[in-house]
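Structure data follow from final.cif (mmCIF, C-alpha atoms):
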```cif
data_target
loop_
_atom_site.label_atom_id
_atom_site.label_comp_id
_atom_site.auth_asym_id
_atom_site.auth_seq_id
_atom_site.Cartn_x
_atom_site.Cartn_y
_atom_site.Cartn_z
CA MET A 40 68.52 46.74 94.43
CA ASN A 41 71.12 44.07 95.09
CA LYS A 42 73.55 45.85 92.83
CA ASN A 43 73.04 49.04 94.80
CA LEU A 44 73.86 47.28 98.04
CA ARG A 45 76.90 45.66 96.44
CA ASP A 46 78.21 49.02 95.13
CA LEU A 47 77.60 50.70 98.48
CA GLY A 48 79.52 47.89 100.16
CA VAL A 49 82.40 48.34 97.71
CA ILE A 50 82.55 52.09 98.42
CA LEU A 51 82.49 51.56 102.18
CA ILE A 52 85.18 48.88 102.07
CA VAL A 53 87.45 50.98 99.84
CA ALA A 54 86.99 53.95 102.21
CA LEU A 55 87.83 51.82 105.23
CA ILE A 56 90.90 50.38 103.50
CA ILE A 57 92.13 53.89 102.65
CA TRP A 58 91.59 55.02 106.24
CA ALA A 59 93.19 51.97 107.80
CA GLY A 60 96.04 51.96 105.29
CA PHE A 61 96.98 55.58 105.83
CA THR A 62 96.62 55.16 109.58
CA TYR A 63 98.95 52.18 109.52
CA PHE A 64 101.56 53.86 107.36
CA SER A 65 101.39 57.25 109.06
CA THR A 66 104.72 58.40 110.37
CA THR A 67 103.71 60.76 113.18
CA THR A 68 105.20 58.59 115.85
CA GLU A 69 108.38 57.68 114.04
CA LYS A 70 109.09 61.20 112.93
CA GLN A 71 109.73 62.32 116.49
CA ASP A 72 112.51 59.78 116.75
CA LEU A 73 114.20 61.14 113.64
CA VAL A 74 116.32 63.30 115.89
CA SER A 75 118.91 60.86 117.10
CA ILE A 76 120.39 60.98 120.59
CA GLN A 77 123.65 62.22 119.04
CA GLN A 78 121.87 65.08 117.23
CA GLU A 79 120.11 65.97 120.44
CA ALA A 80 123.49 66.10 122.21
CA ASP A 81 124.72 68.58 119.60
CA ILE A 82 121.61 70.66 120.08
CA ALA A 83 122.17 70.55 123.84
CA ASP A 84 125.71 71.95 123.45
CA PHE A 85 124.43 74.98 121.55
CA PHE A 86 121.54 75.41 123.88
CA ASN A 87 123.56 75.26 127.08
CA LYS A 88 125.90 77.96 125.80
CA GLN A 89 122.88 80.12 125.11
CA ILE A 90 121.44 79.49 128.57
CA PHE A 91 124.65 80.29 130.37
CA ARG A 92 124.93 83.48 128.33
CA GLU A 93 121.51 84.58 129.58
CA PHE A 94 121.60 83.31 133.15
CA ASP A 95 124.25 83.07 135.85
CA SER A 96 124.54 79.61 137.23
CA VAL A 97 125.22 78.79 140.84
CA ASP A 98 128.62 77.18 141.30
CA VAL A 99 128.23 73.61 140.11
CA GLU A 100 130.44 72.24 142.88
CA LEU A 101 128.06 73.66 145.43
CA THR A 102 124.89 72.19 143.94
CA ASP A 103 126.14 69.05 142.30
CA SER A 104 126.37 66.92 145.42
CA VAL A 105 122.89 67.92 146.54
CA MET A 106 121.33 67.38 143.12
CA ASN A 107 123.09 64.06 142.82
CA VAL A 108 121.61 62.83 146.07
CA ILE A 109 118.13 63.73 144.89
CA PHE A 110 118.68 62.29 141.43
CA GLU A 111 120.11 59.05 142.82
CA ARG A 112 116.96 58.60 144.84
CA LEU A 113 114.65 59.38 141.91
CA SER A 114 116.52 57.13 139.50
CA LYS A 115 115.54 54.19 141.72
CA GLY A 116 111.95 54.85 140.66
CA MET A 117 112.63 55.24 136.95
CA ASP A 118 112.12 52.29 134.61
CA THR A 119 114.45 53.76 132.01
CA VAL A 120 117.26 56.26 132.33
CA SER A 121 117.82 57.48 128.78
CA TYR A 122 120.36 60.22 129.40
CA ASP A 123 123.31 61.17 131.56
CA TYR A 124 121.37 63.73 133.48
CA ASP A 125 122.89 67.06 134.51
CA ILE A 126 120.97 69.29 136.87
CA TYR A 127 122.00 72.95 136.92
CA VAL A 128 120.85 75.67 139.28
CA LEU A 129 120.40 79.11 137.70
CA LYS A 130 120.27 82.41 139.57
CA SER A 131 116.87 83.96 138.98
CA ASP A 132 113.81 84.94 140.98
CA GLN A 133 111.52 83.09 138.58
CA VAL A 134 109.73 80.17 140.19
CA ASN A 135 110.54 77.83 137.37
CA ALA A 136 112.30 74.67 136.36
CA PHE A 137 112.65 73.34 132.86
CA THR A 138 113.90 70.47 130.82
CA ALA A 139 116.21 71.23 127.93
CA PHE A 140 117.80 68.81 125.50
CA HIS A 141 119.69 65.61 126.12
CA GLY A 142 118.94 65.31 129.81
CA GLN A 143 119.91 68.82 130.81
CA LEU A 144 117.63 70.02 133.59
CA PHE A 145 117.62 73.56 134.92
CA VAL A 146 116.18 74.80 138.20
CA PHE A 147 115.96 78.46 139.17
CA THR A 148 116.95 79.55 142.65
CA GLY A 149 113.53 81.20 142.88
CA LEU A 150 111.95 77.76 142.80
CA ILE A 151 114.32 76.30 145.35
CA GLU A 152 113.46 79.21 147.65
CA GLN A 153 109.83 78.14 147.52
CA THR A 154 110.50 74.52 148.47
CA GLU A 155 110.45 73.51 152.09
CA SER A 156 112.17 70.18 151.76
CA ALA A 157 114.37 68.16 149.47
CA GLU A 158 111.39 65.90 148.78
CA GLU A 159 109.44 68.80 147.33
CA LEU A 160 112.23 69.61 144.91
CA ALA A 161 112.45 65.90 144.13
CA ALA A 162 108.77 65.98 143.14
CA VAL A 163 109.41 68.89 140.75
CA LEU A 164 112.46 67.16 139.31
CA ALA A 165 110.50 63.94 138.87
CA HIS A 166 108.08 65.88 136.70
CA GLU A 167 110.93 67.35 134.64
CA LEU A 168 112.63 63.97 134.34
CA ALA A 169 109.37 62.57 133.02
CA HIS A 170 109.37 65.28 130.32
CA ALA A 171 112.92 64.32 129.42
CA GLU A 172 112.34 60.57 129.39
CA ASN A 173 109.39 61.04 127.07
CA ARG A 174 111.40 63.41 124.84
CA HIS A 175 108.71 66.05 125.15
CA VAL A 176 110.98 69.01 124.42
CA ILE A 177 112.16 67.73 121.10
CA LYS A 178 108.68 66.56 120.13
CA ASN A 179 107.34 69.97 120.98
CA LEU A 180 109.94 71.81 118.96
CA ILE A 181 109.38 69.61 115.95
CA LYS A 182 105.67 70.26 116.25
CA GLU A 183 106.24 74.03 116.49
CA ILE A 184 108.87 74.67 113.85
CA GLY A 185 109.33 71.42 111.92
CA LEU A 186 112.22 69.00 111.84
CA ASN A 187 114.12 70.49 108.92
CA SER A 188 114.10 74.04 110.21
CA LEU A 189 115.13 72.76 113.63
CA ILE A 190 118.24 71.05 112.28
CA LEU A 191 119.00 74.03 110.04
CA ILE A 192 118.72 76.50 112.90
CA ILE A 193 120.78 74.40 115.25
CA SER A 194 123.56 73.88 112.74
CA GLY A 195 123.50 77.54 111.72
CA GLY A 196 123.19 78.74 115.30
CA ASP A 197 121.60 82.07 114.35
CA PRO A 198 121.65 83.96 117.67
CA VAL A 199 118.26 85.66 117.26
CA VAL A 200 116.45 82.44 116.45
CA MET A 201 118.35 80.60 119.16
CA GLN A 202 117.10 83.21 121.61
CA GLU A 203 113.54 82.54 120.52
CA ILE A 204 114.00 78.81 120.95
CA THR A 205 115.56 79.39 124.35
CA LYS A 206 112.54 81.41 125.34
CA MET A 207 110.26 78.62 124.17
CA VAL A 208 112.12 75.95 126.10
CA VAL A 209 112.46 78.01 129.27
CA SER A 210 108.77 78.84 129.36
CA SER A 211 108.20 75.11 128.74
CA GLY A 212 104.93 75.45 126.89
CA PHE A 213 103.93 71.83 126.74
CA SER A 214 100.54 70.63 125.67
CA ARG A 215 98.01 69.47 128.23
CA ASN A 216 98.60 65.90 127.17
CA MET A 217 102.30 66.17 127.69
CA GLU A 218 101.89 67.79 131.12
CA ARG A 219 99.44 65.13 132.11
CA GLU A 220 101.77 62.40 130.89
CA ALA A 221 104.65 63.94 132.81
CA ASP A 222 102.55 64.15 135.98
CA GLU A 223 101.55 60.54 135.53
CA TYR A 224 105.14 59.39 135.19
CA ALA A 225 106.26 61.63 138.03
CA ILE A 226 103.77 59.95 140.35
CA GLN A 227 105.20 56.56 139.40
CA TYR A 228 108.81 57.67 139.85
CA LEU A 229 108.07 59.19 143.24
CA ARG A 230 106.15 56.21 144.54
CA LYS A 231 108.86 53.78 143.56
CA ALA A 232 111.50 56.06 145.03
CA ASN A 233 109.60 56.12 148.34
CA ILE A 234 108.61 59.77 148.15
CA ASN A 235 105.01 60.78 148.69
CA PRO A 236 103.54 61.87 145.30
CA ASN A 237 101.48 64.44 147.15
CA ARG A 238 104.66 66.46 147.48
CA LEU A 239 103.88 67.48 143.93
CA THR A 240 100.41 68.64 144.94
CA GLN A 241 101.92 70.51 147.82
CA PHE A 242 104.16 72.40 145.47
CA PHE A 243 101.37 73.09 142.99
CA LEU A 244 99.30 74.60 145.79
CA LYS A 245 102.19 76.85 146.65
CA LEU A 246 102.52 77.93 143.03
CA LYS A 247 98.83 78.63 142.95
CA GLN A 248 99.07 80.97 145.88
CA LYS A 249 102.10 82.61 144.38
CA ASN A 250 100.91 83.56 140.95
CA ARG A 251 97.30 84.29 140.29
CA GLU A 252 96.09 82.22 137.41
CA LEU A 253 94.03 82.90 134.34
CA PRO A 254 90.43 83.63 135.30
CA ASP A 255 88.13 80.63 135.43
CA GLY A 256 86.59 79.71 132.13
CA PHE A 257 89.72 80.52 130.19
CA GLU A 258 91.38 77.35 131.32
CA TRP A 259 90.88 75.55 128.07
CA ILE A 260 92.60 78.22 126.01
CA SER A 261 95.87 78.12 127.92
CA SER A 262 98.42 75.61 126.78
CA HIS A 263 99.33 74.87 130.35
CA PRO A 264 96.59 72.87 131.99
CA ALA A 265 95.35 74.99 134.83
CA LEU A 266 96.94 74.19 138.13
CA LYS A 267 93.60 73.37 139.70
CA GLU A 268 93.11 70.60 137.17
CA ARG A 269 96.61 69.24 137.75
CA ILE A 270 96.28 69.33 141.51
CA GLN A 271 93.09 67.36 141.18
CA PHE A 272 94.71 64.89 138.79
CA VAL A 273 97.72 64.25 140.99
CA THR A 274 95.62 63.96 144.14
CA GLU A 275 93.31 61.46 142.48
CA ASN A 276 96.13 59.40 141.06
CA ALA A 277 98.60 59.53 143.91
CA GLY A 278 97.37 56.16 145.13
CA ASP A 279 97.60 54.69 148.61
CA SER A 280 99.73 56.57 151.03
CA ILE A 281 103.25 55.25 151.26
CA VAL A 282 105.88 55.42 153.94
CA GLU A 283 108.19 58.16 152.87
CA ILE A 284 111.89 57.66 153.38
CA PRO A 285 113.32 61.15 153.89
CA ILE A 286 116.14 62.34 151.67
CA ASP A 287 119.20 62.78 153.83
CA LEU A 288 119.95 66.46 153.23
CA ASP A 289 120.04 69.58 155.37
CA TRP A 290 117.69 71.56 153.22
CA ASP A 291 117.78 74.88 155.06
CA GLU A 292 121.55 74.79 155.03
CA PHE A 293 121.51 74.22 151.27
CA LYS A 294 119.07 77.08 150.69
CA LYS A 295 121.23 79.41 152.73
CA SER A 296 124.30 78.44 150.76
CA LEU A 297 122.66 79.59 147.55
CA HIS A 298 122.73 83.23 148.59
CA MET B 185 72.31 29.23 84.46
CA PHE B 186 68.70 29.15 85.45
CA ILE B 187 69.21 31.81 87.98
CA LEU B 188 71.09 33.96 85.50
CA HIS B 189 68.29 33.69 82.99
CA PHE B 190 65.75 34.51 85.56
CA GLN B 191 67.65 37.61 86.61
CA GLU B 192 68.06 38.84 83.06
CA ASN B 193 64.38 38.39 82.48
CA HIS B 194 63.64 40.09 85.71
CA ASN B 195 65.81 43.07 84.76
CA PHE B 196 64.17 43.26 81.41
CA MET B 197 60.79 43.27 83.04
CA THR B 198 61.63 46.05 85.43
CA GLU B 199 62.94 48.32 82.68
CA GLU B 200 59.35 48.46 81.45
CA ASN B 201 58.53 50.35 84.62
CA TYR B 202 60.91 53.20 83.81
CA ASN B 203 60.31 56.29 81.77
CA PRO B 204 62.37 56.50 78.57
CA ILE B 205 65.75 58.21 78.87
CA PRO B 206 65.89 61.48 76.91
CA GLN B 207 68.43 61.53 74.08
CA PRO B 208 70.83 64.48 73.60
CA ASP B 209 68.95 65.91 70.61
CA GLU B 210 65.68 65.89 72.57
CA ILE B 211 67.02 68.13 75.31
CA ASP B 212 67.00 71.89 74.88
CA ILE B 213 69.93 74.09 75.83
CA ARG B 214 68.19 75.46 78.91
CA GLU B 215 67.84 71.99 80.45
CA LYS B 216 71.45 71.13 79.65
CA GLU B 217 72.63 74.26 81.43
CA ASP B 218 70.44 73.62 84.45
CA ALA B 219 71.80 70.08 84.69
CA MET B 220 75.38 71.32 84.41
CA GLY B 221 74.62 73.98 87.03
CA ALA B 222 73.64 71.26 89.49
CA TYR B 223 77.23 70.03 89.60
CA LEU B 224 79.01 73.38 89.35
CA MET B 225 76.82 75.14 91.91
CA MET B 226 77.24 72.36 94.44
CA PHE B 227 80.93 72.39 94.55
CA ALA B 228 81.04 76.15 94.51
CA ALA B 229 79.00 75.77 97.71
CA LEU B 230 81.50 73.19 98.92
CA GLY B 231 84.16 75.90 98.94
CA ALA B 232 81.90 78.50 100.54
CA GLY B 233 80.73 76.04 103.18
CA LEU B 234 84.21 74.86 104.13
CA PRO B 235 84.21 75.98 107.76
CA LEU B 236 80.87 74.28 108.28
CA PRO B 237 80.45 71.68 105.55
CA ILE B 238 76.80 71.11 106.47
CA LEU B 239 75.96 74.50 104.91
CA ASN B 240 76.64 73.33 101.37
CA LEU B 241 74.36 70.37 101.94
CA VAL B 242 71.56 72.82 102.68
CA ALA B 243 72.39 74.73 99.49
CA ALA B 244 72.37 71.51 97.49
CA ILE B 245 69.01 70.46 98.85
CA ILE B 246 67.52 73.86 97.98
CA TYR B 247 68.93 73.63 94.46
CA TYR B 248 67.48 70.14 94.09
CA TYR B 249 64.01 71.24 95.13
CA ILE B 250 64.09 74.20 92.75
CA ASN B 251 64.98 71.93 89.84
CA LYS B 252 62.79 69.05 90.85
CA GLY B 253 59.85 70.25 88.78
CA LYS B 254 61.88 70.66 85.61
CA SER B 255 62.52 67.81 83.18
CA LEU B 256 63.58 64.32 84.27
CA PHE B 257 67.02 64.96 82.78
CA VAL B 258 67.64 67.98 85.02
CA ARG B 259 66.14 66.22 87.99
CA PHE B 260 68.36 63.18 87.51
CA HIS B 261 71.56 65.23 87.41
CA SER B 262 70.52 67.36 90.40
CA LEU B 263 69.73 64.29 92.46
CA GLN B 264 72.95 62.52 91.48
CA SER B 265 74.94 65.60 92.42
CA LEU B 266 73.10 65.95 95.72
CA LEU B 267 73.47 62.31 96.71
CA SER B 268 77.10 62.05 95.70
CA GLN B 269 78.07 65.02 97.81
CA LEU B 270 76.37 63.63 100.92
CA PRO B 271 79.22 61.33 102.01
CA THR B 272 81.88 63.94 101.22
CA SER B 273 80.07 66.58 103.26
CA ILE B 274 79.66 64.24 106.21
CA LEU B 275 83.32 63.24 106.05
CA ASN B 276 84.32 66.91 105.90
CA ALA B 277 82.08 67.83 108.82
CA ILE B 278 83.58 65.10 110.97
CA ALA B 279 87.08 66.22 109.98
CA VAL B 280 86.30 69.81 111.00
CA PHE B 281 84.88 68.86 114.41
CA TRP B 282 87.62 66.33 115.07
CA GLY B 283 90.25 68.88 114.05
CA ALA B 284 88.67 71.56 116.26
CA ARG B 285 88.85 69.23 119.24
CA ILE B 286 92.54 68.74 118.61
CA VAL B 287 93.27 72.44 118.13
CA PHE B 288 91.10 73.90 120.88
CA PHE B 289 90.77 71.09 123.40
CA ASP B 290 94.19 69.60 122.96
CA TYR B 291 93.20 66.10 122.02
CA ALA B 292 96.02 64.02 120.64
CA PHE B 293 96.92 64.32 116.96
CA THR B 294 96.87 60.61 116.32
CA ASP B 295 97.78 58.48 113.33
CA VAL B 296 94.11 57.55 113.12
CA PHE B 297 93.24 61.22 112.53
CA LYS B 298 96.05 61.54 110.01
CA GLY B 299 94.75 58.51 108.14
CA TYR B 300 91.28 60.02 108.27
CA LEU B 301 92.53 63.28 106.75
CA TRP B 302 93.96 61.29 103.85
CA LEU B 303 90.60 59.61 103.39
CA VAL B 304 88.83 62.98 103.42
CA GLY B 305 91.30 64.42 100.92
CA ILE B 306 90.92 61.50 98.55
CA ALA B 307 87.12 61.54 98.87
CA ASN B 308 87.02 65.25 98.03
CA LEU B 309 89.32 64.77 95.07
CA ILE B 310 87.21 61.94 93.66
CA TYR B 311 84.05 63.95 94.24
CA ILE B 312 85.41 67.02 92.46
CA ILE B 313 86.74 65.03 89.50
CA PHE B 314 83.45 63.21 89.02
CA SER B 315 81.47 66.43 89.41
CA ILE B 316 83.46 68.05 86.62
CA ILE B 317 82.97 65.05 84.36
CA GLY B 318 79.27 65.05 85.27
CA ALA B 319 78.96 68.76 84.49
CA VAL B 320 80.63 68.37 81.08
CA LYS B 321 78.47 65.38 80.15
CA ALA B 322 75.30 67.13 81.32
CA ARG B 323 76.18 70.16 79.23
CA LYS B 324 76.40 67.84 76.20
CA GLY B 325 72.99 66.41 77.06
CA GLN B 326 74.36 63.01 78.07
CA MET B 327 73.49 60.80 80.97
CA TYR B 328 76.41 59.94 83.22
CA TYR B 329 76.16 57.44 86.03
CA PHE B 330 78.41 57.61 89.06
CA LEU B 331 79.16 54.37 90.85
CA PHE B 332 76.17 53.58 93.10
CA PHE B 333 74.75 57.12 93.13
CA GLY B 334 74.05 57.00 89.39
CA ARG B 335 71.86 53.93 89.62
CA VAL B 336 70.08 55.08 92.76
CA SER B 337 69.29 58.46 91.16
CA TYR B 338 68.12 56.81 87.94
CA GLN B 339 65.84 54.46 89.83
CA SER B 340 64.44 57.30 91.89
CA VAL B 341 63.88 59.76 89.03
CA PHE B 342 62.92 57.64 86.05
CA LYS B 343 60.69 55.13 87.76
CA ARG B 344 57.11 55.33 86.48
CA ARG B 345 54.71 56.23 89.19
CA GLU B 346 51.11 55.20 89.45
CA ALA B 347 50.08 58.79 89.12
CA ASP B 348 51.90 59.13 85.78
CA SER B 349 49.73 56.54 84.11
CA LEU B 350 46.51 58.11 85.32
CA LYS B 351 46.36 60.69 82.58
CA VAL B 352 43.83 63.43 82.99
CA VAL B 353 41.44 63.33 80.08
CA ASN B 354 39.37 66.43 79.60
CA GLN B 355 35.70 65.74 79.29
CA PRO B 356 32.87 67.90 77.94
CA PRO B 357 30.31 69.04 80.54
CA LYS B 358 27.47 66.74 81.30
CA MET B 359 24.56 67.54 79.04
#
```

Can the structure in the file be given as structure tokens, please?
Amino acid sequence: MNKNLRDLGVILIVALIIWAGFTYFSTTTEKQDLVSIQQEADIADFFNKQIFREFDSVDVELTDSVMNVIFERLSKGMDTVSYDYDIYVLKSDQVNAFTAFHGQLFVFTGLIEQTESAEELAAVLAHELAHAENRHVIKNLIKEIGLNSLILIISGGDPVVMQEITKMVVSSGFSRNMEREADEYAIQYLRKANINPNRLTQFFLKLKQKNRELPDGFEWISSHPALKERIQFVTENAGDSIVEIPIDLDWDEFKKSLH
Amino acid sequence: MFILHFQENHNFMTEENYNPIPQPDEIDIREKEDAMGAYLMMFAALGAGLPLPILNLVAAIIYYYINKGKSLFVRFHSLQSLLSQLPTSILNAIAVFWGARIVFFDYAFTDVFKGYLWLVGIANLIYIIFSIIGAVKARKGQMYYFLFFGRVSYQSVFKRREADSLKVVNQPPKM
């Protein structure tokens, strides 16, 4: 009987060592950092060309000053600023904003139309900045198509495949975890930058009215966490109300100038 | 030294309580094939039951109960095969449910899960290798003891029971 217990113990210990050992030496987390900042910059060059081929951008001189004011404010709330951020405005009716590679953020005019104040856009940008700071785009791509094929495609620059990747990045299909993480960071950024995090909720509510969502019950199947869930999350985690310092911009004037 | 002696004696004493182990030439071909089948059938079921690894456990239990009444040799190999696939099936079942949570409910694909998948893979590999060896040995009419499971099965199958010693002796009718 004692020998049985001893053997069982040996089996259990060996199993635990295998589990712990492979957990410790797993490379999931490191692998995502295999794309260096320099490589990501190269990818960004290719990608930007592709984007500007597909979309018209609003004159950078017109938007740059405005975006800089908003970014300056947000950067006060960020613990780390990993990239030289560029924020472009693209002409399109889509209510969308997305993060591309190497700190390149894109906002559609359709989304700016929907915002009522600079703070609301700041909330959206905070969310996108959080995606960028956490390198979600590159992590996502590696998860979808693998590191080797990513580098191969980028260096080859096959137009058809690039188009597919562009589509993927523009539609920003992040996992629930990533969206949640980005919302979490965005709340932090906004609070520290003296902008009410509920601006994000405000904008979500607007989105919700705008496009009818998947029917209830299908929420779990969609890769985007349903808006309802995100609104709830942000509202619950927004924390104590803070005194908002308005961003010094004439928002209506800016919106008019986009036309 | 005393303790060692005592243990040896003790072991010797307990072996008296076990039925004799059948030797290869005492086992007929039918028994050998049934014993081999215990291993082969169970990991055929392992493949069939992959989406829900609990299914092959059910199959293994049924096979064991069918063979239970046959000779001790067949029963030993069936039990060893059944017991040794228990941990593998449980590990597989957990892997499937854990994996499903990650795929369908978007839980994080963590290093802990990755390490677990390695464990499951290694456990399955060891199980399959030992099952093949077990099947070959059984076909030759040999006993083969897996680590832990071998001894447990032997103790369970070959142990003399009270009932065994109470032999029925036929008596003439009372005159």

* To do: Let me know the residues the PyMOL selection byres ((chain B) within 6 of (chain A)) catches in the file above, as a ChimeraX atom specification.
  => /B:295-296,299-300,303,332

* **Evaluate the PyMOL selection byres ((chain A and resi 105-114) around 10) and report residues as a ChimeraX atom specification** => /A:99-104,115-120,124-128,157-158,160-162,164-165,168,225,228-234,284,286-290,293

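Atom CA of Gln153 of chain A is positioned 13.9 Å from atom CA of His298 of chain A.
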
* List, as a VMD selection string, every residue that the PyMOL selection byres ((chain A and resi 151) around 9) selects in the file provided. => chain A and resid 128 134 to 135 146 to 150 152 to 155 160 294

Can you list, as a tab-separated table (two decimals) with C-alpha atoms, keeping the file's coordinate frame, every protein, DNA or RNA residue that comes within 10 Å of segment 209-211 of chain B when you count all atoms listed in the file, leaving out same-chain residues fewer than 2 positions away?
```tsv
chain	number	residue	atom	x	y	z
B	205	ILE	CA	65.75	58.21	78.87
B	206	PRO	CA	65.89	61.48	76.91
B	207	GLN	CA	68.43	61.53	74.08
B	213	ILE	CA	69.93	74.09	75.83
B	214	ARG	CA	68.19	75.46	78.91
B	215	GLU	CA	67.84	71.99	80.45
B	216	LYS	CA	71.45	71.13	79.65
B	255	SER	CA	62.52	67.81	83.18
B	257	PHE	CA	67.02	64.96	82.78
B	258	VAL	CA	67.64	67.98	85.02
B	324	LYS	CA	76.40	67.84	76.20
B	325	GLY	CA	72.99	66.41	77.06
B	326	GLN	CA	74.36	63.01	78.07
```

* To do: Tell me, as a list in words, which residues lie within 10 Å of Ile278 of chain B, counting all atoms listed in the file; anything in the same chain fewer than 4 positions away does not count.
  =>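 Counting all atoms listed in the file, the residues come to Leu236, Pro237, Thr272, Ser273, Ile274, Trp282, Gly283, Ala284, Tyr300 and Val304 of chain B.
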
* **Coordinates-based distance that separates atom CA of Phe213 of chain A from atom CA of Asn179 of chain A (Å, one decimal)** => 6.9 Å

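With distances restricted to all atoms listed in the file, B:Leu275 is the closest residue to Ile306 of chain B from B:Ile250, B:Ala322, B:Leu275, B:Leu224.
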
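If you look at atom CA of Leu270 of chain B and atom CA of Ile312 of chain B, they are 12.8 Å away from each other.
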